[in-house]
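Undergrad: query_14.cif is reproduced in full below (mmCIF, C-alpha atoms).
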data_target
loop_
_atom_site.label_atom_id
_atom_site.label_comp_id
_atom_site.auth_asym_id
_atom_site.auth_seq_id
_atom_site.Cartn_x
_atom_site.Cartn_y
_atom_site.Cartn_z
CA GLY A 1 112.29 131.08 107.46
CA ALA A 2 112.87 128.54 110.18
CA VAL A 3 115.98 126.39 109.97
CA VAL A 4 116.21 122.65 110.40
CA SER A 5 119.66 121.10 110.46
CA GLN A 6 120.23 117.43 109.73
CA HIS A 7 123.46 115.56 110.30
CA PRO A 8 125.26 113.78 108.76
CA SER A 9 124.55 114.71 105.15
CA TRP A 10 125.87 111.40 103.96
CA VAL A 11 127.12 108.21 105.55
CA ILE A 12 128.48 104.89 104.34
CA CYS A 13 128.30 101.99 106.75
CA LYS A 14 128.85 98.28 106.77
CA SER A 15 125.96 95.86 106.74
CA GLY A 16 124.89 94.96 110.27
CA THR A 17 125.98 98.19 111.90
CA SER A 18 123.75 100.98 113.22
CA VAL A 19 123.60 104.57 112.05
CA LYS A 20 122.23 107.58 113.94
CA ILE A 21 120.85 110.62 112.13
CA GLU A 22 120.20 113.86 113.98
CA CYS A 23 117.59 116.49 113.20
CA ARG A 24 117.68 119.83 114.98
CA SER A 25 115.41 122.83 114.82
CA LEU A 26 117.81 125.74 115.17
CA ASP A 27 115.61 128.74 115.79
CA PHE A 28 112.28 127.35 116.92
CA GLN A 29 110.85 124.66 119.15
CA ALA A 30 109.38 121.70 117.33
CA THR A 31 107.05 119.57 119.37
CA THR A 32 106.58 117.37 116.32
CA MET A 33 109.12 116.26 113.77
CA PHE A 34 108.63 113.94 110.84
CA TRP A 35 110.98 111.40 109.29
CA TYR A 36 110.75 110.56 105.61
CA ARG A 37 112.56 108.16 103.32
CA GLN A 38 113.00 108.67 99.60
CA PHE A 39 114.22 106.02 97.17
CA PRO A 40 115.56 107.09 93.76
CA LYS A 41 112.92 108.56 91.48
CA GLN A 42 110.24 108.06 94.09
CA SER A 43 108.37 110.39 96.39
CA LEU A 44 109.02 111.07 100.04
CA MET A 45 107.38 108.40 102.15
CA LEU A 46 106.49 109.28 105.72
CA MET A 47 108.09 106.81 108.09
CA ALA A 48 107.10 108.17 111.46
CA THR A 49 105.98 111.18 113.43
CA SER A 50 108.24 112.05 116.31
CA ASN A 51 106.65 113.66 119.34
CA GLU A 52 108.71 115.32 122.05
CA GLY A 53 108.61 113.37 125.27
CA SER A 54 106.54 110.49 123.97
CA LYS A 55 106.78 107.49 121.69
CA ALA A 56 106.92 108.02 117.96
CA THR A 57 104.00 107.11 115.76
CA TYR A 58 105.07 104.82 112.94
CA GLU A 59 103.40 104.48 109.57
CA GLN A 60 102.13 101.11 108.46
CA GLY A 61 104.91 98.84 107.26
CA VAL A 62 107.71 100.68 109.07
CA GLU A 63 109.48 98.54 111.67
CA LYS A 64 109.73 100.48 114.91
CA ASP A 65 112.44 98.18 116.27
CA LYS A 66 114.58 98.78 113.21
CA PHE A 67 114.08 102.53 112.95
CA LEU A 68 114.45 103.87 116.47
CA ILE A 69 113.27 107.42 117.00
CA ASN A 70 114.06 109.52 120.02
CA HIS A 71 112.71 113.04 120.53
CA ALA A 72 114.20 113.96 123.87
CA SER A 73 114.00 117.75 123.54
CA LEU A 74 112.01 120.37 121.70
CA THR A 75 114.88 120.94 119.28
CA LEU A 76 116.30 117.48 118.63
CA SER A 77 114.99 114.25 117.16
CA THR A 78 117.17 111.30 116.21
CA LEU A 79 116.59 108.37 113.90
CA THR A 80 118.73 105.28 114.39
CA VAL A 81 118.79 102.67 111.65
CA THR A 82 119.69 99.49 113.49
CA SER A 83 121.40 96.51 111.89
CA ALA A 84 121.45 98.27 108.56
CA HIS A 85 121.25 96.27 105.35
CA PRO A 86 121.83 97.32 101.73
CA GLU A 87 118.08 97.64 101.16
CA ASP A 88 118.05 100.39 103.83
CA SER A 89 120.21 102.53 101.55
CA SER A 90 118.12 105.61 100.86
CA PHE A 91 117.74 109.36 101.35
CA TYR A 92 116.37 110.10 104.81
CA ILE A 93 114.88 113.54 105.47
CA CYS A 94 113.44 115.08 108.60
CA SER A 95 111.03 117.97 108.82
CA ALA A 96 109.43 120.07 111.49
CA MET A 97 106.48 122.38 111.63
CA THR A 98 106.55 125.64 113.50
CA GLY A 99 102.95 125.17 114.57
CA ALA A 100 99.97 122.93 114.15
CA GLY A 101 97.76 122.61 111.12
CA ASN A 102 98.15 124.94 108.22
CA THR A 103 101.77 125.85 108.65
CA GLU A 104 104.78 125.37 106.48
CA ALA A 105 107.06 122.42 107.11
CA PHE A 106 110.79 123.01 107.08
CA PHE A 107 113.12 120.26 105.99
CA GLY A 108 116.58 119.20 106.97
CA GLN A 109 119.15 118.83 104.25
CA GLY A 110 118.68 115.07 104.16
CA THR A 111 121.04 112.19 104.86
CA ARG A 112 122.12 109.88 102.09
CA LEU A 113 122.73 106.46 103.63
CA THR A 114 124.65 103.81 101.75
CA VAL A 115 124.97 100.39 103.34
CA VAL A 116 127.68 98.20 101.85
CA ARG B 1 94.70 104.36 95.30
CA LYS B 2 97.45 106.76 96.34
CA GLU B 3 96.48 109.53 98.71
CA VAL B 4 98.05 112.15 96.48
CA GLU B 5 98.44 111.52 92.75
CA GLN B 6 100.48 113.41 90.20
CA ASP B 7 101.54 112.87 86.61
CA PRO B 8 105.25 111.96 86.93
CA GLY B 9 106.16 113.62 83.63
CA PRO B 10 108.73 114.59 82.60
CA PHE B 11 107.41 117.75 81.05
CA ASN B 12 110.00 118.95 78.56
CA VAL B 13 109.30 122.55 77.54
CA PRO B 14 111.23 125.40 75.91
CA GLU B 15 112.17 128.52 77.80
CA GLY B 16 109.29 130.96 77.92
CA ALA B 17 106.61 128.29 77.74
CA THR B 18 103.65 128.02 80.07
CA VAL B 19 103.24 124.67 81.80
CA ALA B 20 100.55 123.32 84.12
CA PHE B 21 100.73 120.53 86.66
CA ASN B 22 97.75 118.77 88.18
CA CYS B 23 97.29 116.84 91.38
CA THR B 24 94.40 114.98 92.96
CA TYR B 25 93.98 113.91 96.57
CA SER B 26 91.73 111.27 98.04
CA ASN B 27 91.19 112.38 101.64
CA SER B 28 88.30 114.83 101.76
CA ALA B 29 89.33 115.83 105.29
CA SER B 30 92.61 117.25 104.03
CA GLN B 31 93.37 120.50 105.80
CA SER B 32 95.85 122.42 103.71
CA PHE B 33 97.73 122.15 100.48
CA PHE B 34 101.13 123.07 99.17
CA TRP B 35 103.44 122.89 96.21
CA TYR B 36 107.05 122.09 97.04
CA ARG B 37 110.00 122.07 94.72
CA GLN B 38 112.75 119.50 94.97
CA ASP B 39 116.04 119.69 93.12
CA CYS B 40 118.03 116.53 92.50
CA ARG B 41 119.50 115.10 95.72
CA LYS B 42 118.24 118.03 97.76
CA GLU B 43 115.52 118.50 100.35
CA PRO B 44 112.09 119.83 99.28
CA LYS B 45 111.50 123.54 99.60
CA LEU B 46 108.16 125.28 99.82
CA LEU B 47 107.13 126.94 96.59
CA MET B 48 103.72 128.14 97.65
CA SER B 49 100.66 127.31 99.70
CA VAL B 50 97.41 126.72 97.85
CA TYR B 51 94.15 128.38 98.81
CA SER B 52 90.58 127.89 97.58
CA SER B 53 90.54 131.41 96.24
CA GLY B 54 93.64 130.72 94.19
CA ASN B 55 96.89 132.51 94.69
CA GLU B 56 99.63 133.91 92.56
CA ASP B 57 103.30 134.53 93.24
CA GLY B 58 105.08 136.09 90.30
CA ARG B 59 105.08 133.57 87.47
CA PHE B 60 103.43 130.89 89.59
CA THR B 61 99.69 130.45 90.09
CA ALA B 62 98.12 127.78 92.28
CA GLN B 63 94.49 126.73 92.39
CA LEU B 64 92.51 124.46 94.68
CA ASN B 65 89.14 122.88 93.93
CA ARG B 66 87.91 121.21 97.10
CA ALA B 67 84.78 119.80 95.46
CA SER B 68 86.87 117.94 92.88
CA GLN B 69 89.79 117.38 95.28
CA TYR B 70 92.09 118.82 92.67
CA ILE B 71 95.09 121.12 92.89
CA SER B 72 96.96 122.81 90.07
CA LEU B 73 100.14 124.77 89.52
CA LEU B 74 100.72 127.01 86.52
CA ILE B 75 104.16 128.29 85.63
CA ARG B 76 104.35 131.10 83.09
CA ASP B 77 107.41 132.22 81.13
CA SER B 78 109.43 129.16 82.15
CA LYS B 79 113.09 129.69 83.04
CA LEU B 80 115.92 127.18 82.84
CA SER B 81 116.15 127.44 86.62
CA ASP B 82 112.58 126.14 86.95
CA SER B 83 113.83 122.66 86.02
CA ALA B 84 113.10 120.53 89.08
CA THR B 85 110.57 118.10 90.49
CA TYR B 86 107.36 119.68 91.76
CA LEU B 87 105.69 117.95 94.67
CA CYS B 88 102.02 118.27 95.49
CA VAL B 89 101.64 118.05 99.26
CA VAL B 90 98.56 117.64 101.42
CA ASN B 91 98.34 118.20 105.15
CA ILE B 92 95.91 115.76 106.74
CA MET B 93 94.75 115.33 110.30
CA ASP B 94 95.06 111.70 111.35
CA SER B 95 95.96 111.18 114.98
CA SER B 96 98.08 114.29 114.40
CA TYR B 97 98.89 116.55 111.48
CA LYS B 98 101.11 115.07 108.82
CA LEU B 99 102.20 115.92 105.30
CA ILE B 100 101.54 113.46 102.51
CA PHE B 101 103.58 113.89 99.34
CA GLY B 102 102.67 113.14 95.78
CA SER B 103 105.26 111.31 93.71
CA GLY B 104 106.24 114.55 92.00
CA THR B 105 106.19 115.90 88.47
CA ARG B 106 109.50 116.43 86.79
CA LEU B 107 109.96 119.58 84.72
CA LEU B 108 112.78 120.08 82.22
CA VAL B 109 113.08 123.53 80.68
CA ARG B 110 115.34 123.58 77.64
CA PRO B 111 117.07 126.58 76.04
#
Have the structure of the file written as C-alpha coordinates, please.
TA:
Amino acid sequence: GAVVSQHPSWVICKSGTSVKIECRSLDFQATTMFWYRQFPKQSLMLMATSNEGSKATYEQGVEKDKFLINHASLTLSTLTVTSAHPEDSSFYICSAMTGAGNTEAFFGQGTRLTVV
Amino acid sequence: RKEVEQDPGPFNVPEGATVAFNCTYSNSASQSFFWYRQDCRKEPKLLMSVYSSGNEDGRFTAQLNRASQYISLLIRDSKLSDSATYLCVVNIMDSSYKLIFGSGTRLLVRP
(Lines of atoms letter the chains of each structure in order from A and count residues from 1; the text may use other names and numbers.)
(Lines give C-alpha, C1' and ligand atoms only; values in the text may rest on other atoms or scores of the structure.)
Protein backbone atom coordinates (compact mmCIF):
# COMPACT_ATOMS: atom_id res chain seq x y z
CA GLY A 1 0.00 0.00 0.00
CA ALA A 2 0.90 3.66 -0.15
CA VAL A 3 3.41 4.96 2.37
CA VAL A 4 3.12 8.08 4.48
CA SER A 5 6.13 9.08 6.54
CA GLN A 6 5.84 11.37 9.55
CA HIS A 7 8.73 12.96 11.37
CA PRO A 8 9.69 13.21 14.16
CA SER A 9 8.13 10.22 15.90
CA TRP A 10 8.48 11.90 19.25
CA VAL A 11 9.57 15.28 20.53
CA ILE A 12 9.95 16.94 23.91
CA CYS A 13 9.99 20.72 23.96
CA LYS A 14 9.89 23.52 26.45
CA SER A 15 6.75 25.52 27.04
CA GLY A 16 6.60 28.54 24.75
CA THR A 17 8.65 27.07 21.94
CA SER A 18 7.39 25.93 18.52
CA VAL A 19 7.52 22.46 17.06
CA LYS A 20 7.28 21.47 13.39
CA ILE A 21 5.97 18.07 12.31
CA GLU A 22 6.43 16.83 8.75
CA CYS A 23 4.20 14.49 6.81
CA ARG A 24 5.36 13.09 3.48
CA SER A 25 3.67 10.84 0.98
CA LEU A 26 6.53 8.70 -0.30
CA ASP A 27 5.14 6.95 -3.34
CA PHE A 28 2.09 8.94 -4.36
CA GLN A 29 0.93 12.52 -4.72
CA ALA A 30 -1.48 13.69 -2.07
CA THR A 31 -3.44 16.77 -2.95
CA THR A 32 -5.13 16.51 0.43
CA MET A 33 -3.66 15.55 3.77
CA PHE A 34 -5.36 15.46 7.13
CA TRP A 35 -4.02 16.25 10.59
CA TYR A 36 -5.44 14.53 13.65
CA ARG A 37 -4.80 14.77 17.36
CA GLN A 38 -5.37 11.95 19.82
CA PHE A 39 -5.37 12.33 23.60
CA PRO A 40 -4.91 9.23 25.78
CA LYS A 41 -7.81 6.80 25.61
CA GLN A 42 -9.66 9.04 23.19
CA SER A 43 -10.37 8.85 19.49
CA LEU A 44 -8.59 10.65 16.70
CA MET A 45 -9.97 14.15 16.34
CA LEU A 46 -9.64 15.83 12.97
CA MET A 47 -7.86 19.15 13.36
CA ALA A 48 -7.60 20.34 9.80
CA THR A 49 -7.58 19.39 6.16
CA SER A 50 -4.47 20.45 4.32
CA ASN A 51 -4.82 21.28 0.64
CA GLU A 52 -1.82 21.64 -1.64
CA GLY A 53 -1.32 25.20 -2.73
CA SER A 54 -4.13 26.69 -0.69
CA LYS A 55 -5.07 27.48 2.89
CA ALA A 56 -5.91 24.67 5.23
CA THR A 57 -9.46 24.12 6.41
CA TYR A 58 -9.64 23.98 10.19
CA GLU A 59 -12.25 22.16 12.24
CA GLN A 60 -14.33 24.09 14.71
CA GLY A 61 -12.44 24.87 17.89
CA VAL A 62 -8.97 24.47 16.38
CA GLU A 63 -6.92 27.67 16.46
CA LYS A 64 -5.42 28.26 13.03
CA ASP A 65 -2.86 30.72 14.40
CA LYS A 66 -1.62 28.17 16.89
CA PHE A 67 -1.54 25.18 14.57
CA LEU A 68 0.05 26.40 11.36
CA ILE A 69 -0.31 24.12 8.38
CA ASN A 70 1.66 24.41 5.19
CA HIS A 71 1.13 22.15 2.18
CA ALA A 72 3.65 23.51 -0.27
CA SER A 73 4.01 20.42 -2.47
CA LEU A 74 2.04 17.35 -3.46
CA THR A 75 4.15 15.19 -1.16
CA LEU A 76 4.71 17.31 1.92
CA SER A 77 2.51 18.91 4.55
CA THR A 78 3.80 20.41 7.79
CA LEU A 79 2.08 21.19 11.06
CA THR A 80 3.72 23.73 13.35
CA VAL A 81 2.55 23.94 16.94
CA THR A 82 3.39 27.50 17.93
CA SER A 83 4.04 28.63 21.49
CA ALA A 84 3.43 25.13 22.76
CA HIS A 85 1.98 24.59 26.22
CA PRO A 86 1.66 21.43 28.31
CA GLU A 87 -1.99 21.05 27.28
CA ASP A 88 -0.79 20.68 23.67
CA SER A 89 0.95 17.44 24.64
CA SER A 90 -0.69 14.78 22.52
CA PHE A 91 -0.28 12.26 19.71
CA TYR A 92 -0.45 14.02 16.35
CA ILE A 93 -1.09 11.91 13.23
CA CYS A 94 -1.28 12.85 9.58
CA SER A 95 -3.00 10.94 6.83
CA ALA A 96 -3.39 11.16 3.10
CA MET A 97 -5.74 9.67 0.59
CA THR A 98 -4.59 8.39 -2.75
CA GLY A 99 -7.75 9.66 -4.40
CA ALA A 100 -11.05 11.28 -3.68
CA GLY A 101 -14.07 9.70 -2.06
CA ASN A 102 -14.14 6.03 -1.33
CA THR A 103 -10.45 5.39 -1.03
CA GLU A 104 -8.32 4.17 1.80
CA ALA A 105 -6.49 6.69 3.95
CA PHE A 106 -2.88 5.99 4.83
CA PHE A 107 -1.47 7.24 8.08
CA GLY A 108 1.90 8.47 9.19
CA GLN A 109 3.48 6.83 12.19
CA GLY A 110 2.37 9.67 14.45
CA THR A 111 4.31 12.17 16.54
CA ARG A 112 4.15 12.08 20.29
CA LEU A 113 4.59 15.64 21.54
CA THR A 114 5.41 16.33 25.16
CA VAL A 115 5.59 19.94 26.29
CA VAL A 116 7.35 20.47 29.60
CA ARG B 1 -24.59 13.58 19.54
CA LYS B 2 -21.29 12.25 18.21
CA GLU B 3 -21.05 11.74 14.49
CA VAL B 4 -19.77 8.20 14.93
CA GLU B 5 -20.59 6.26 18.10
CA GLN B 6 -19.09 3.05 19.39
CA ASP B 7 -19.21 1.08 22.62
CA PRO B 8 -15.78 1.75 24.17
CA GLY B 9 -15.59 -1.70 25.78
CA PRO B 10 -13.30 -3.26 26.73
CA PHE B 11 -14.46 -6.59 25.42
CA ASN B 12 -12.54 -9.27 27.29
CA VAL B 13 -12.88 -12.62 25.53
CA PRO B 14 -11.06 -15.97 25.53
CA GLU B 15 -9.10 -17.18 22.55
CA GLY B 16 -11.37 -18.78 19.99
CA ALA B 17 -14.40 -16.70 20.91
CA THR B 18 -16.56 -14.81 18.46
CA VAL B 19 -17.01 -11.12 19.20
CA ALA B 20 -19.10 -8.43 17.52
CA PHE B 21 -18.67 -4.68 17.51
CA ASN B 22 -21.34 -2.17 16.57
CA CYS B 23 -21.18 1.39 15.36
CA THR B 24 -23.76 4.00 14.46
CA TYR B 25 -23.29 7.17 12.44
CA SER B 26 -25.43 10.27 12.31
CA ASN B 27 -24.71 11.78 8.89
CA SER B 28 -27.00 10.17 6.33
CA ALA B 29 -24.83 11.62 3.55
CA SER B 30 -21.87 9.52 4.62
CA GLN B 31 -20.10 8.14 1.58
CA SER B 32 -18.04 5.19 2.67
CA PHE B 33 -17.24 3.19 5.75
CA PHE B 34 -14.26 1.43 7.21
CA TRP B 35 -12.97 -0.48 10.17
CA TYR B 36 -9.46 0.45 11.28
CA ARG B 37 -7.35 -1.22 13.90
CA GLN B 38 -5.12 0.73 16.24
CA ASP B 39 -2.52 -0.81 18.51
CA CYS B 40 -1.35 1.08 21.58
CA ARG B 41 0.72 4.15 20.67
CA LYS B 42 0.61 3.32 16.98
CA GLU B 43 -1.13 4.79 13.96
CA PRO B 44 -4.44 3.30 12.76
CA LYS B 45 -4.28 0.72 10.02
CA LEU B 46 -7.08 -0.25 7.68
CA LEU B 47 -8.69 -3.55 8.58
CA MET B 48 -11.41 -3.56 5.96
CA SER B 49 -13.84 -1.42 4.03
CA VAL B 50 -17.53 -1.97 4.64
CA TYR B 51 -20.05 -2.41 1.86
CA SER B 52 -23.85 -2.61 1.86
CA SER B 53 -23.68 -6.16 0.59
CA GLY B 54 -21.47 -7.15 3.49
CA ASN B 55 -17.95 -8.38 3.08
CA GLU B 56 -15.75 -11.00 4.61
CA ASP B 57 -11.99 -11.25 4.94
CA GLY B 58 -10.91 -14.45 6.64
CA ARG B 59 -12.14 -14.35 10.22
CA PHE B 60 -13.53 -10.84 9.85
CA THR B 61 -16.99 -9.95 8.54
CA ALA B 62 -18.29 -6.41 8.15
CA GLN B 63 -21.86 -5.32 7.54
CA LEU B 64 -23.45 -1.99 6.69
CA ASN B 65 -27.10 -1.07 7.11
CA ARG B 66 -27.63 2.33 5.50
CA ALA B 67 -31.29 2.54 6.51
CA SER B 68 -30.38 2.16 10.19
CA GLN B 69 -27.03 3.96 9.80
CA TYR B 70 -25.38 1.04 11.50
CA ILE B 71 -22.09 -0.76 10.89
CA SER B 72 -20.86 -3.98 12.45
CA LEU B 73 -17.69 -6.02 12.66
CA LEU B 74 -17.63 -9.70 13.56
CA ILE B 75 -14.43 -11.46 14.52
CA ARG B 76 -14.51 -15.25 14.62
CA ASP B 77 -12.00 -17.56 16.31
CA SER B 78 -10.32 -14.69 18.17
CA LYS B 79 -6.53 -14.75 18.41
CA LEU B 80 -4.34 -13.14 21.05
CA SER B 81 -2.98 -10.91 18.28
CA ASP B 82 -6.47 -9.49 17.70
CA SER B 83 -6.15 -7.51 20.94
CA ALA B 84 -6.32 -3.87 19.87
CA THR B 85 -8.70 -0.96 19.56
CA TYR B 86 -11.10 -1.15 16.62
CA LEU B 87 -12.12 2.15 15.10
CA CYS B 88 -15.29 2.67 13.11
CA VAL B 89 -14.60 5.29 10.46
CA VAL B 90 -16.95 7.18 8.17
CA ASN B 91 -15.98 9.17 5.11
CA ILE B 92 -18.22 12.20 4.72
CA MET B 93 -18.37 14.90 2.09
CA ASP B 94 -18.38 18.33 3.72
CA SER B 95 -16.57 21.00 1.77
CA SER B 96 -14.22 18.13 0.93
CA TYR B 97 -13.92 14.49 1.85
CA LYS B 98 -12.84 13.75 5.38
CA LEU B 99 -12.68 10.77 7.71
CA ILE B 100 -14.53 10.88 10.99
CA PHE B 101 -13.45 8.39 13.64
CA GLY B 102 -15.46 6.72 16.34
CA SER B 103 -13.92 6.61 19.79
CA GLY B 104 -12.95 2.98 19.29
CA THR B 105 -13.79 -0.32 20.93
CA ARG B 106 -11.06 -2.01 22.87
CA LEU B 107 -10.69 -5.77 22.52
CA LEU B 108 -8.68 -7.94 24.90
CA VAL B 109 -8.25 -11.58 23.93
CA ARG B 110 -6.99 -13.71 26.79
CA PRO B 111 -5.32 -17.14 26.61
Undergrad: Counting all atoms listed in the file, what are the residues of chain A within 8 Å of chain B, and for each of them which pair of atoms is the nearest and at what distance in Å, to one decimal? Sort the table by chain and rising number, as a tab-separated table.
TA:
residue	atom	partner	partner_atom	distance
A:Phe34	CA	B:Lys98	CA	7.9
A:Gln42	CA	B:Ser103	CA	6.0
A:Ser43	CA	B:Ser103	CA	4.2
A:Leu44	CA	B:Phe101	CA	6.2
A:Met45	CA	B:Phe101	CA	7.2
A:Leu46	CA	B:Ile100	CA	7.2
A:Thr49	CA	B:Lys98	CA	7.8
A:Ile93	CA	B:Glu43	CA	7.2
A:Ala100	CA	B:Tyr97	CA	7.0
A:Gly101	CA	B:Tyr97	CA	6.2
A:Asn102	CA	B:Ser32	CA	5.7
A:Glu104	CA	B:Leu46	CA	7.5
A:Ala105	CA	B:Leu46	CA	7.9
A:Phe106	CA	B:Lys45	CA	7.5
A:Phe107	CA	B:Glu43	CA	6.4
A:Gly108	CA	B:Glu43	CA	6.7
A:Gln109	CA	B:Glu43	CA	5.3
A:Gly110	CA	B:Glu43	CA	6.0
Undergrad: Using all atoms listed in the file, which protein or nucleic acid residues come within 7 Å of Asp82 of chain B? Drop anything in the same chain fewer than 3 positions from it, and give the result as a list in words.
TA: Ser78, Lys79 and Val109 of chain B
Undergrad: Could you jot down the atom CA of Glu59 of chain A to atom CA of Met47 of chain A separation for me, Å, one decimal place?
TA: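 Atom-to-atom, atom CA of Glu59 of chain A to atom CA of Met47 of chain A, that is 5.4 Å.
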Undergrad: Which residue, A:Ser90, A:Gln60, A:Ser18, A:Asn70, has the smallest gap to Thr114 of chain A when you use all atoms listed in the file?
TA: A:Ser90
Undergrad: Skipping near chain neighbours, those fewer than 2 positions away, what residues fall within 10 Å of Gly16 of chain A using only C-alpha atoms, listed as a list in words?
TA: Cys13, Lys14, Ser18, Val19, Val81, Thr82, Ser83, Ala84, His85, Pro86, Val115 and Val116 of chain A
Undergrad: Output C-alpha atoms for every residue in the selection just made, as a CSV table (one decimal), in the coordinates of the input.
TA:
chain,number,residue,atom,x,y,z
A,13,CYS,CA,128.3,102.0,106.8
A,14,LYS,CA,128.8,98.3,106.8
A,18,SER,CA,123.8,101.0,113.2
A,19,VAL,CA,123.6,104.6,112.0
A,81,VAL,CA,118.8,102.7,111.6
A,82,THR,CA,119.7,99.5,113.5
A,83,SER,CA,121.4,96.5,111.9
A,84,ALA,CA,121.4,98.3,108.6
A,85,HIS,CA,121.2,96.3,105.4
A,86,PRO,CA,121.8,97.3,101.7
A,115,VAL,CA,125.0,100.4,103.3
A,116,VAL,CA,127.7,98.2,101.8
Undergrad: Could you please determine the separation between atom CA of Leu64 of chain B and atom CA of Asp7 of chain B in Å, to one decimal place?
TA: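 It comes out at 16.8 Å.
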Undergrad: For each of A:Arg24, A:Phe91, A:Thr78, A:Ala96, take the minimum atom-to-atom distance to Ser9 of chain A, counting only C-alpha atoms, then give the residue where this is smallest.
TA: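 Among the listed residues, A:Phe91 lies closest to Ser9 of chain A.
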Undergrad: Give me the residues within 8 Å of segment 11-24 of chain B as a list in words, counting all atoms listed in the file and dropping any in the same chain fewer than 2 places off.
TA: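 Skipping anything fewer than 2 positions along the chain leaves Val4, Glu5, Gln6, Asp7, Gly9, Ser26, Gln69, Tyr70, Ile71, Ser72, Leu73, Leu74, Ile75, Arg76, Asp77, Ser78, Lys79, Leu80, Cys88, Gly102, Thr105, Arg106, Leu107, Leu108, Val109, Arg110 and Pro111 of chain B.
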Undergrad: Taking into account all atoms listed in the file, which residue in the set A:Glu87, A:Glu52, A:Glu22, A:Asp27 is nearest to Ala2 of chain A?
TA: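 Answer, going by the shortest atom-to-atom distance: A:Asp27.
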Undergrad: Using all atoms listed in the file, which of B:Asp39, B:Ala29, B:Glu56, B:Val50 sits nearest Val89 of chain B?
TA: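 Of B:Asp39, B:Ala29, B:Glu56, B:Val50, the one nearest Val89 of chain B is B:Val50, counting all atoms listed in the file.
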Undergrad: Report, in Å with one decimal, the straight-line distance from atom CA of Thr98 of chain A to atom CA of Asn65 of chain B.
TA: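 Interatomic distance, atom CA of Thr98 of chain A to atom CA of Asn65 of chain B: 26.3 Å.
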